[in-house]
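Data block for coords.cif (mmCIF, C-alpha atoms):
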data_input
loop_
_atom_site.label_atom_id
_atom_site.label_comp_id
_atom_site.auth_asym_id
_atom_site.auth_seq_id
_atom_site.Cartn_x
_atom_site.Cartn_y
_atom_site.Cartn_z
CA MET E 19 93.16 88.30 103.55
CA GLY E 20 92.67 90.69 100.67
CA ASP E 21 90.22 92.36 98.30
CA VAL E 22 88.86 92.05 94.77
CA ASN E 23 92.33 92.65 93.32
CA GLY E 24 93.83 89.61 95.04
CA PHE E 25 94.55 88.02 98.40
CA VAL E 26 97.20 86.52 100.65
CA ALA E 27 96.14 82.93 101.30
CA SER E 28 98.00 82.62 104.60
CA GLY E 29 96.35 85.72 106.05
CA VAL E 30 99.78 86.74 107.38
CA THR E 31 101.55 89.90 106.21
CA GLU E 32 104.68 91.78 107.14
CA LEU E 33 104.61 94.98 109.18
CA PRO E 34 107.81 97.06 109.08
CA ILE E 35 108.73 98.57 112.46
CA VAL E 36 111.07 101.55 112.79
CA ILE E 37 112.72 102.50 116.10
CA LEU E 38 114.07 106.04 116.30
CA GLU E 39 116.78 106.48 118.94
CA THR E 40 117.77 109.65 120.81
CA ASP E 41 120.96 110.53 122.65
CA GLU E 42 118.95 110.74 125.89
CA GLY E 43 117.85 107.12 125.62
CA VAL E 44 114.21 107.76 124.73
CA GLU E 45 113.08 105.73 121.73
CA GLY E 46 110.19 106.31 119.37
CA VAL E 47 108.36 103.52 117.55
CA GLY E 48 106.71 103.86 114.15
CA THR E 49 105.00 101.10 112.17
CA GLY E 50 104.00 100.74 108.56
CA SER E 51 106.92 101.43 106.20
CA HIS E 52 110.70 101.55 106.06
CA ALA E 53 110.95 103.03 102.58
CA ASP E 54 113.70 105.57 101.84
CA LEU E 55 114.81 105.95 105.47
CA ASP E 56 118.42 106.53 104.42
CA ARG E 57 117.37 109.56 102.37
CA LEU E 58 114.96 110.88 105.00
CA PHE E 59 116.90 110.48 108.23
CA PRO E 60 119.43 113.29 107.55
CA ALA E 61 116.51 115.71 107.97
CA LEU E 62 116.13 114.46 111.57
CA GLU E 63 119.67 113.68 112.65
CA GLY E 64 120.87 115.95 115.44
CA GLN E 65 117.52 117.75 115.72
CA ASP E 66 115.20 118.09 118.71
CA PRO E 67 112.53 115.39 118.20
CA ARG E 68 109.91 117.50 119.97
CA ALA E 69 109.74 119.70 116.85
CA ALA E 70 107.70 116.99 115.15
CA THR E 71 105.76 119.08 112.63
CA THR E 72 108.83 121.11 111.65
CA LEU E 73 110.76 117.89 111.10
CA TYR E 74 107.89 116.47 109.07
CA ASP E 75 108.18 119.40 106.67
CA ALA E 76 111.96 119.01 106.69
CA MET E 77 111.55 115.43 105.45
CA LEU E 78 109.23 116.59 102.68
CA ALA E 79 111.80 119.22 101.67
CA ARG E 80 114.59 116.66 101.75
CA VAL E 81 113.08 114.70 98.84
CA PHE E 82 111.33 117.47 96.92
CA LYS E 83 113.27 116.91 93.69
CA THR E 84 112.36 113.23 93.45
CA SER E 85 108.92 113.63 95.09
CA HIS E 86 107.62 112.40 98.42
CA ALA E 87 104.84 110.37 96.79
CA GLY E 88 104.47 106.61 96.85
CA ALA E 89 106.53 104.47 99.18
CA THR E 90 108.68 107.43 100.25
CA PHE E 91 105.62 108.95 101.89
CA GLY E 92 105.30 105.80 103.97
CA GLY E 93 108.83 106.28 105.29
CA ILE E 94 108.01 109.88 106.19
CA GLY E 95 104.86 108.77 107.99
CA THR E 96 106.64 106.08 110.01
CA LEU E 97 109.41 108.41 111.12
CA ASP E 98 106.81 111.08 111.91
CA THR E 99 104.91 108.64 114.11
CA ALA E 100 108.12 107.76 115.93
CA LEU E 101 108.79 111.47 116.54
CA TRP E 102 105.35 111.96 118.07
CA ASP E 103 105.91 108.88 120.24
CA ILE E 104 109.13 110.46 121.57
CA LYS E 105 107.45 113.84 122.06
CA ALA E 106 104.64 112.34 124.14
CA LYS E 107 107.05 110.20 126.16
CA LEU E 108 109.15 113.25 126.99
CA ALA E 109 105.99 115.06 128.07
CA GLY E 110 105.01 112.08 130.23
CA GLU E 111 101.57 111.86 128.59
CA PRO E 112 99.70 109.45 126.32
CA LEU E 113 99.71 110.76 122.79
CA TRP E 114 95.95 111.23 122.65
CA ARG E 115 96.14 113.63 125.59
CA LEU E 116 99.15 115.49 124.18
CA LEU E 117 97.19 116.03 120.95
CA GLY E 118 94.31 117.56 122.91
CA ALA E 119 91.75 114.76 123.12
CA GLY E 120 89.37 114.83 126.05
CA ASP E 121 88.22 111.22 125.65
CA ARG E 122 90.34 108.15 124.90
CA TYR E 123 87.51 106.31 123.09
CA VAL E 124 87.66 106.12 119.28
CA HIS E 125 84.58 104.91 117.41
CA GLY E 126 85.40 102.10 114.98
CA TYR E 127 83.97 99.75 112.39
CA ALA E 128 84.87 96.15 111.54
CA SER E 129 86.79 95.49 108.35
CA GLY E 130 88.25 92.02 107.96
CA LEU E 131 89.84 92.28 104.46
CA ASP E 132 87.44 89.45 103.75
CA ALA E 133 87.06 89.04 99.97
CA ALA E 134 88.45 85.49 99.89
CA LEU E 135 86.57 84.13 102.93
CA THR E 136 83.84 81.51 102.67
CA ASP E 137 80.40 82.41 103.98
CA ASP E 138 81.00 80.45 107.19
CA GLN E 139 84.36 82.15 107.74
CA LEU E 140 82.75 85.53 107.08
CA VAL E 141 80.05 84.96 109.69
CA THR E 142 82.55 83.69 112.26
CA LEU E 143 84.79 86.71 111.73
CA TYR E 144 82.10 89.34 112.09
CA ARG E 145 80.45 87.64 115.02
CA SER E 146 83.76 88.07 116.83
CA PHE E 147 83.52 91.80 116.13
CA ALA E 148 79.88 91.86 117.25
CA GLU E 149 80.92 90.31 120.57
CA ARG E 150 83.10 93.42 121.08
CA GLY E 151 80.17 95.74 120.43
CA TYR E 152 80.81 96.58 116.77
CA THR E 153 77.66 97.59 114.89
CA ALA E 154 79.22 98.77 111.63
CA ALA E 155 81.28 96.85 109.08
CA LYS E 156 82.81 97.05 105.63
CA LEU E 157 82.95 94.31 103.03
CA LYS E 158 85.47 93.95 100.26
CA GLY E 159 83.51 93.49 97.05
CA GLY E 160 82.47 94.86 93.71
CA ARG E 161 83.10 91.83 91.52
CA ARG E 162 79.75 90.02 91.52
CA LEU E 163 76.49 91.67 92.61
CA SER E 164 74.77 88.45 93.73
CA ASP E 165 77.74 87.56 95.94
CA ASP E 166 77.80 90.99 97.58
CA ARG E 167 74.05 90.93 98.24
CA ARG E 168 74.32 87.51 99.89
CA ARG E 169 77.37 88.45 101.93
CA PHE E 170 75.79 91.69 103.11
CA GLY E 171 72.82 89.66 104.32
CA LEU E 172 75.12 87.42 106.35
CA LEU E 173 77.03 90.41 107.66
CA SER E 174 73.86 92.23 108.69
CA GLU E 175 72.63 89.20 110.59
CA ALA E 176 75.98 88.73 112.34
CA LEU E 177 76.13 92.37 113.51
CA SER E 178 72.49 93.24 114.20
CA ALA E 179 71.88 94.32 117.77
CA GLY E 180 68.19 94.21 118.71
CA ASP E 181 66.13 96.42 116.44
CA THR E 182 69.08 98.51 115.27
CA PRO E 183 70.37 97.56 111.82
CA PRO E 184 74.14 97.80 111.36
CA ALA E 185 75.90 100.37 109.20
CA LEU E 186 77.16 98.66 106.04
CA MET E 187 79.95 99.80 103.72
CA LEU E 188 81.47 98.41 100.51
CA ASP E 189 85.11 98.77 99.47
CA ALA E 190 85.79 98.26 95.75
CA ASN E 191 89.52 99.11 95.94
CA GLU E 192 89.64 101.23 92.76
CA SER E 193 88.33 98.40 90.59
CA TRP E 194 85.61 100.26 88.62
CA ASN E 195 85.20 103.03 86.09
CA VAL E 196 82.51 105.66 86.68
CA LYS E 197 79.61 104.04 84.84
CA GLN E 198 80.41 100.62 86.26
CA ALA E 199 80.30 102.14 89.73
CA VAL E 200 76.96 103.90 89.12
CA ARG E 201 75.33 100.76 87.77
CA TYR E 202 76.73 98.46 90.46
CA VAL E 203 76.03 100.65 93.47
CA SER E 204 72.57 101.64 92.21
CA ALA E 205 71.66 97.96 91.81
CA LEU E 206 73.03 97.14 95.27
CA GLU E 207 71.13 100.02 96.85
CA GLN E 208 67.86 98.43 95.77
CA HIS E 209 68.51 95.81 98.47
CA ILE E 210 71.04 97.35 100.88
CA ASP E 211 71.01 100.62 102.83
CA LEU E 212 74.64 101.36 102.01
CA THR E 213 76.39 103.86 104.29
CA TRP E 214 79.28 104.44 101.91
CA VAL E 215 81.11 103.02 98.93
CA GLU E 216 84.88 103.25 99.30
CA GLU E 217 87.55 103.80 96.66
CA PRO E 218 85.20 103.02 93.78
CA LEU E 219 87.49 104.65 91.17
CA ARG E 220 91.17 105.39 90.68
CA ARG E 221 92.39 107.58 93.51
CA TRP E 222 93.16 110.59 91.28
CA ASP E 223 89.78 110.68 89.47
CA ALA E 224 88.36 113.76 91.19
CA LEU E 225 85.66 114.50 88.60
CA GLY E 226 84.67 110.84 88.38
CA HIS E 227 84.14 110.64 92.14
CA ALA E 228 82.04 113.80 92.01
CA ARG E 229 79.87 112.40 89.18
CA LEU E 230 79.40 109.18 91.13
CA SER E 231 78.47 110.98 94.34
CA GLN E 232 75.74 112.85 92.48
CA SER E 233 74.37 109.63 90.97
CA ILE E 234 73.97 107.35 94.02
CA LYS E 235 72.41 107.58 97.48
CA SER E 236 75.34 106.31 99.52
CA ALA E 237 78.30 108.48 100.45
CA VAL E 238 81.56 108.23 98.52
CA ALA E 239 84.59 107.66 100.77
CA THR E 240 88.12 107.96 99.43
CA GLY E 241 91.58 109.32 100.14
CA GLU E 242 93.51 106.57 101.92
CA ASN E 243 96.06 106.24 99.12
CA LEU E 244 96.64 109.94 98.54
CA THR E 245 100.25 110.61 99.49
CA GLY E 246 100.31 114.26 100.44
CA LEU E 247 97.88 116.98 101.40
CA GLU E 248 98.17 118.59 97.96
CA MET E 249 96.55 115.55 96.39
CA TYR E 250 93.30 116.25 98.24
CA ARG E 251 92.83 119.69 96.69
CA PRO E 252 91.37 118.62 93.29
CA LEU E 253 89.29 115.89 94.93
CA LEU E 254 87.69 118.24 97.45
CA ASP E 255 87.37 121.15 95.02
CA ALA E 256 85.40 118.86 92.69
CA GLY E 257 83.15 117.61 95.49
CA GLY E 258 84.44 114.08 94.97
CA ALA E 259 84.58 112.94 98.61
CA ASP E 260 81.62 112.84 100.97
CA ILE E 261 83.78 111.16 103.61
CA VAL E 262 87.50 111.99 103.61
CA GLN E 263 89.84 109.11 104.34
CA ALA E 264 93.55 108.98 105.11
CA GLY E 265 95.80 105.97 105.56
CA ALA E 266 97.06 105.41 109.10
CA VAL E 267 100.40 104.33 107.64
CA TRP E 268 101.03 107.93 106.52
CA GLY E 269 101.55 109.11 110.09
CA VAL E 270 100.30 111.54 112.71
CA THR E 271 101.01 114.90 111.09
CA HIS E 272 99.45 113.93 107.76
CA MET E 273 96.32 112.61 109.47
CA HIS E 274 95.92 115.77 111.50
CA ARG E 275 96.37 118.03 108.48
CA VAL E 276 93.91 116.03 106.38
CA ALA E 277 91.38 116.13 109.22
CA MET E 278 91.65 119.91 109.48
CA THR E 279 91.38 120.32 105.71
CA ALA E 280 88.22 118.20 105.70
CA HIS E 281 86.86 120.06 108.72
CA SER E 282 87.23 123.37 106.88
CA ARG E 283 84.72 121.98 104.36
CA ASP E 284 82.36 120.44 106.95
CA LEU E 285 83.41 116.93 105.93
CA ALA E 286 84.01 114.00 108.25
CA ILE E 287 87.33 112.13 108.47
CA SER E 288 87.69 108.34 108.60
CA PRO E 289 91.19 106.85 109.12
CA VAL E 290 91.99 103.56 107.39
CA GLY E 291 93.98 100.70 108.96
CA LEU E 292 94.34 101.56 112.66
CA THR E 293 94.89 98.08 114.07
CA ALA E 294 98.65 98.48 114.55
CA ASN E 295 98.83 102.24 114.13
CA TYR E 296 97.80 103.36 117.60
CA ALA E 297 99.30 106.82 117.09
CA VAL E 298 96.78 107.72 114.41
CA ALA E 299 93.94 106.57 116.66
CA ALA E 300 95.14 109.30 119.02
CA VAL E 301 94.63 111.84 116.23
CA ALA E 302 91.13 110.49 115.66
CA ALA E 303 90.35 111.03 119.33
CA ALA E 304 91.57 114.62 119.18
CA VAL E 305 90.03 116.05 115.98
CA PRO E 306 86.45 117.43 115.90
CA ASN E 307 85.28 115.70 112.72
CA HIS E 308 86.23 112.06 113.27
CA LEU E 309 83.44 109.75 112.05
CA THR E 310 84.72 106.18 112.54
CA SER E 311 88.01 104.31 112.12
CA GLU E 312 88.79 101.03 110.38
CA VAL E 313 89.65 98.11 112.67
CA GLN E 314 90.98 95.20 110.64
CA ASP E 315 92.00 92.78 113.37
CA LEU E 316 91.18 92.31 117.04
CA GLY E 317 94.61 90.83 117.72
CA THR E 318 98.08 92.38 117.99
CA PRO E 319 100.97 91.89 115.54
CA LEU E 320 103.61 89.40 116.66
CA GLY E 321 106.26 91.05 118.79
CA LEU E 322 104.24 94.15 119.63
CA THR E 323 102.38 95.16 122.76
CA ILE E 324 99.92 98.01 122.15
CA ASP E 325 98.25 99.92 124.97
CA GLN E 326 94.70 99.77 123.61
CA GLU E 327 91.53 97.67 123.79
CA PHE E 328 89.03 96.79 121.08
CA ILE E 329 85.78 97.06 123.02
CA ASP E 330 82.43 98.87 122.93
CA GLY E 331 82.44 99.07 119.15
CA GLY E 332 85.72 100.94 118.89
CA ILE E 333 89.18 101.46 120.37
CA VAL E 334 89.87 102.48 123.96
CA LEU E 335 93.32 104.02 124.16
CA GLY E 336 95.52 103.52 127.20
CA TYR E 337 97.32 105.85 129.59
CA GLN E 338 100.90 104.77 128.85
CA PRO E 339 103.09 107.77 127.91
CA GLY E 340 103.77 108.02 124.20
CA ALA E 341 102.03 106.13 121.42
CA GLY E 342 101.73 103.03 123.61
CA ILE E 343 103.73 100.59 121.46
CA ALA E 344 106.37 98.27 122.93
CA VAL E 345 108.55 96.05 120.72
CA ASP E 346 109.84 92.55 121.56
CA GLU E 347 112.66 92.22 119.04
CA ALA E 348 113.61 88.72 120.20
CA ALA E 349 110.12 87.41 119.48
CA ILE E 350 110.16 88.97 116.03
CA CYS E 351 113.58 87.57 115.13
CA ALA E 352 112.54 84.10 116.24
CA ALA E 353 109.45 84.08 114.05
CA ARG E 354 109.46 82.75 110.51
CA ALA E 355 109.15 85.52 107.92
CA ALA E 356 105.89 85.65 105.98
CA ASP E 357 105.58 86.19 102.24
CA GLY E 358 104.06 89.62 102.76
CA TRP E 359 101.63 91.53 100.60
CA GLN E 360 103.79 91.63 97.50
CA THR E 361 102.91 88.19 96.17
CA PRO E 362 101.98 87.81 92.48
CA ASP E 363 98.30 87.40 93.39
CA GLY E 364 98.28 89.78 96.35
CA PRO E 365 95.92 92.72 96.79
CA HIS E 366 98.65 95.29 96.16
CA VAL E 367 99.06 94.11 92.55
CA ARG E 368 96.40 95.67 90.31
CA PRO E 369 94.80 93.12 87.92
CA GLN E 370 95.19 93.93 84.24
CA ARG E 371 91.44 94.10 83.57
CA SER E 372 90.43 96.28 86.52
CA GLY E 373 87.99 98.92 85.32
CA LEU E 374 87.68 97.16 81.95
CA ARG E 375 85.36 94.24 82.74
CA ILE E 376 81.99 94.28 81.01
CA VAL E 377 80.62 91.06 82.55
CA ASP E 378 79.72 90.73 86.23
CA GLY E 379 82.11 88.45 88.09
CA GLY E 380 85.43 87.03 86.92
CA GLY E 381 88.24 85.09 88.52
CA TRP E 382 91.05 86.32 90.73
CA GLY E 383 93.73 88.21 88.85
CA GLU E 384 91.54 88.77 85.76
#
Turn the structure described in the file into structure tokens.
Amino acid sequence: MGDVNGFVASGVTELPIVILETDEGVEGVGTGSHADLDRLFPALEGQDPRAATTLYDAMLARVFKTSHAGATFGGIGTLDTALWDIKAKLAGEPLWRLLGAGDRYVHGYASGLDAALTDDQLVTLYRSFAERGYTAAKLKGGRRLSDDRRRFGLLSEALSAGDTPPALMLDANESWNVKQAVRYVSALEQHIDLTWVEEPLRRWDALGHARLSQSIKSAVATGENLTGLEMYRPLLDAGGADIVQAGAVWGVTHMHRVAMTAHSRDLAISPVGLTANYAVAAVAAAVPNHLTSEVQDLGTPLGLTIDQEFIDGGIVLGYQPGAGIAVDEAAICAARAADGWQTPDGPHVRPQRSGLRIVDGGGWGE
């Protein structure tokens, strides 16, 4: 499981779970990060959890001197998700309904973090998505053009439904510079009707994304690693995002604010990584500009029960009050800990030569 920067051979990664307790016995569950909770929690302690957006801003203010960027933003997002879970439970409603959604269906696309899979494994994986009605998928790639062309052919065959060709996307995970991206995507587009190319450049390269968007036919999708609404301003002002993304790990309030910012510019929103972040799927159901959400796994993390189904090419959210996540702590404690993402060759470690390769291809970790 991984991308062109590296992979986790076991396919197993850790998912931090945070449980926020109240004096009335109602608990909120957030998943994704436990960074800087000791510094953030004083902004919440003793407060009414129903004031979720006010408390979100209070957490930002709490760390303004040292910045809320990076891992700290993950802690804010996880606590924010737990607050929204509590708020919906106290209201006796599923979160999607509390947020104003009229339909509990969320359109999705398949995304198996598949860069290290063999061709046979790739086909098996995406056929399992096709059996659930998925007709759109994203490949990890950008290292070798011939490999991506072959893998897209396999993917298209696995997902094709009748005469309707699937929507195909490529995620390069910030591994190119501008000219590399133009050359690579233009060459790929000679053979593939590419819906979007995702994170082609470094996340802060607003002008580079705009230049790329003007040079290729496919849409440019980016934003999942931007930690704060203010980081979107230069990107959107430059015209660098055709599809605005936000990481599900950053929480409910951030997702909603990014969606509204994109909507003000007539841009669609596409959340990244919803498999265990049910709460953000509720935001996707409620906002007017949701395009499609990333579904990375059709299973459920060990020790969690999530009130949702992966069917009909998307996510069908349940009616359970709150964000729909129940935690079995005994099952988690009994399980052997995995190595997690932060292995020396994992996808969260940027290879030294990313954006500097002049020859197509190259080994892992180059």
Spatial neighbours of Ser204 in chain E, max dist 9 Å, all atoms listed in the file, sep filter under 5 positions, as an mmCIF file with C-alpha atoms, in the frame of the given file:
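Generated output (around.cif):
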data_model
loop_
_atom_site.group_PDB
_atom_site.id
_atom_site.type_symbol
_atom_site.label_atom_id
_atom_site.label_comp_id
_atom_site.auth_asym_id
_atom_site.auth_seq_id
_atom_site.Cartn_x
_atom_site.Cartn_y
_atom_site.Cartn_z
ATOM 1 C CA ALA E 199 80.300 102.140 89.730
ATOM 2 C CA SER E 233 74.370 109.630 90.970
ATOM 3 C CA ILE E 234 73.970 107.350 94.020
ATOM 4 C CA LYS E 235 72.410 107.580 97.480
#
Closest atom pairs, residues of range 297-326 of chain E within 10 Å of range 128-148 of chain E, all atoms listed in the file, as a Markdown table:
| residue | atom | partner | partner_atom | distance |
| --- | --- | --- | --- | --- |
| E:Ser311 | CA | E:Ala128 | CA | 8.8 |
| E:Glu312 | CA | E:Ser129 | CA | 6.2 |
| E:Val313 | CA | E:Ala128 | CA | 5.3 |
| E:Gln314 | CA | E:Ser129 | CA | 4.8 |
| E:Asp315 | CA | E:Gly130 | CA | 6.6 |
| E:Leu316 | CA | E:Phe147 | CA | 7.7 |
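Residue neighbourhood of range 54-61 of chain E, excluding near-sequence residues (fewer than 3 positions): Leu73, Ala76, Met77, Arg80, Thr90 and Gly93 of chain E, at 7 Å, using only C-alpha atoms.
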Who sits within 9 Å of Ala119 in chain E, only C-alpha atoms, same chain under 2 positions skipped, as a PDB file with C-alpha atoms, keeping the file's coordinate frame:
ATOM      1  CA  LEU E 113      99.710 110.760 122.790  1.00  0.00           C
ATOM      2  CA  TRP E 114      95.950 111.230 122.650  1.00  0.00           C
ATOM      3  CA  ARG E 115      96.140 113.630 125.590  1.00  0.00           C
ATOM      4  CA  LEU E 116      99.150 115.490 124.180  1.00  0.00           C
ATOM      5  CA  LEU E 117      97.190 116.030 120.950  1.00  0.00           C
ATOM      6  CA  ASP E 121      88.220 111.220 125.650  1.00  0.00           C
ATOM      7  CA  ARG E 122      90.340 108.150 124.900  1.00  0.00           C
ATOM      8  CA  ALA E 300      95.140 109.300 119.020  1.00  0.00           C
ATOM      9  CA  VAL E 301      94.630 111.840 116.230  1.00  0.00           C
ATOM     10  CA  ALA E 302      91.130 110.490 115.660  1.00  0.00           C
ATOM     11  CA  ALA E 303      90.350 111.030 119.330  1.00  0.00           C
ATOM     12  CA  ALA E 304      91.570 114.620 119.180  1.00  0.00           C
ATOM     13  CA  VAL E 305      90.030 116.050 115.980  1.00  0.00           C
TER      14      VAL E 305
END
Exercise for the section: Give me the residues within 9 Å of range 336-350 of chain E as a count of residues only, counting only C-alpha atoms and dropping any in the same chain fewer than 3 places off. Expected result: 40
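Here, the PyMOL selection byres ((chain E and resi 257) around 9) matches Ala224, Leu225, His227, Ala228, Arg229, Ser231, Pro252, Leu253, Leu254, Asp255, Ala256, Gly258, Ala259 and Asp260 of chain E.
Atom to atom, CA of Ala264 in chain E and CA of Pro289 in chain E stand 5.1 Å apart.
Taking only C-alpha atoms into account, Asp378 in chain E lies nearest to E:Leu163 out of the set E:Leu335, E:Leu163, E:Leu33, E:Leu157.
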Exercise for the section: Would you write out, as number ranges by chain, every residue that the PyMOL selection byres ((chain E and resi 214) around 10) captures in this file? Expected result: E: 156, 185-189, 203, 211-213, 215-217, 234-240, 260-261
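The two atoms in question, CA of Asp223 in chain E and CA of Asn191 in chain E, are spaced 13.3 Å apart.
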Exercise for the section: Dig up all the protein and nucleic acid residues within 10 Å of (84.4, 94.3, 91.3) in the file frame, using only C-alpha atoms, and format them as a ChimeraX atom specification. Expected result: /E:21-23,158-163,166,189-194,198-199,202,218,372-373,375,378-380
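Minimum atom-to-atom distances from E:Arg368, E:Val124, E:Ala69, E:Leu173 to Arg220 in chain E were compared using all atoms listed in the file, and the lowest value belongs to E:Arg368.
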Handout entry: Selected residue, from E:Gly120, E:Gly331, E:Gly50, E:Pro365, that lies nearest to Pro184 in chain E when counting all atoms listed in the file
Key = E:Gly331
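When all atoms listed in the file are used to measure the gap to Ala266 in chain E, the shortest distance among E:Gly29, E:Gly95, E:Gly43, E:Pro306 belongs to E:Gly95.
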Completion exercise
CA of Gly246 in chain E sits from CA of Arg283 in chain E at a separation of 17.8 Å
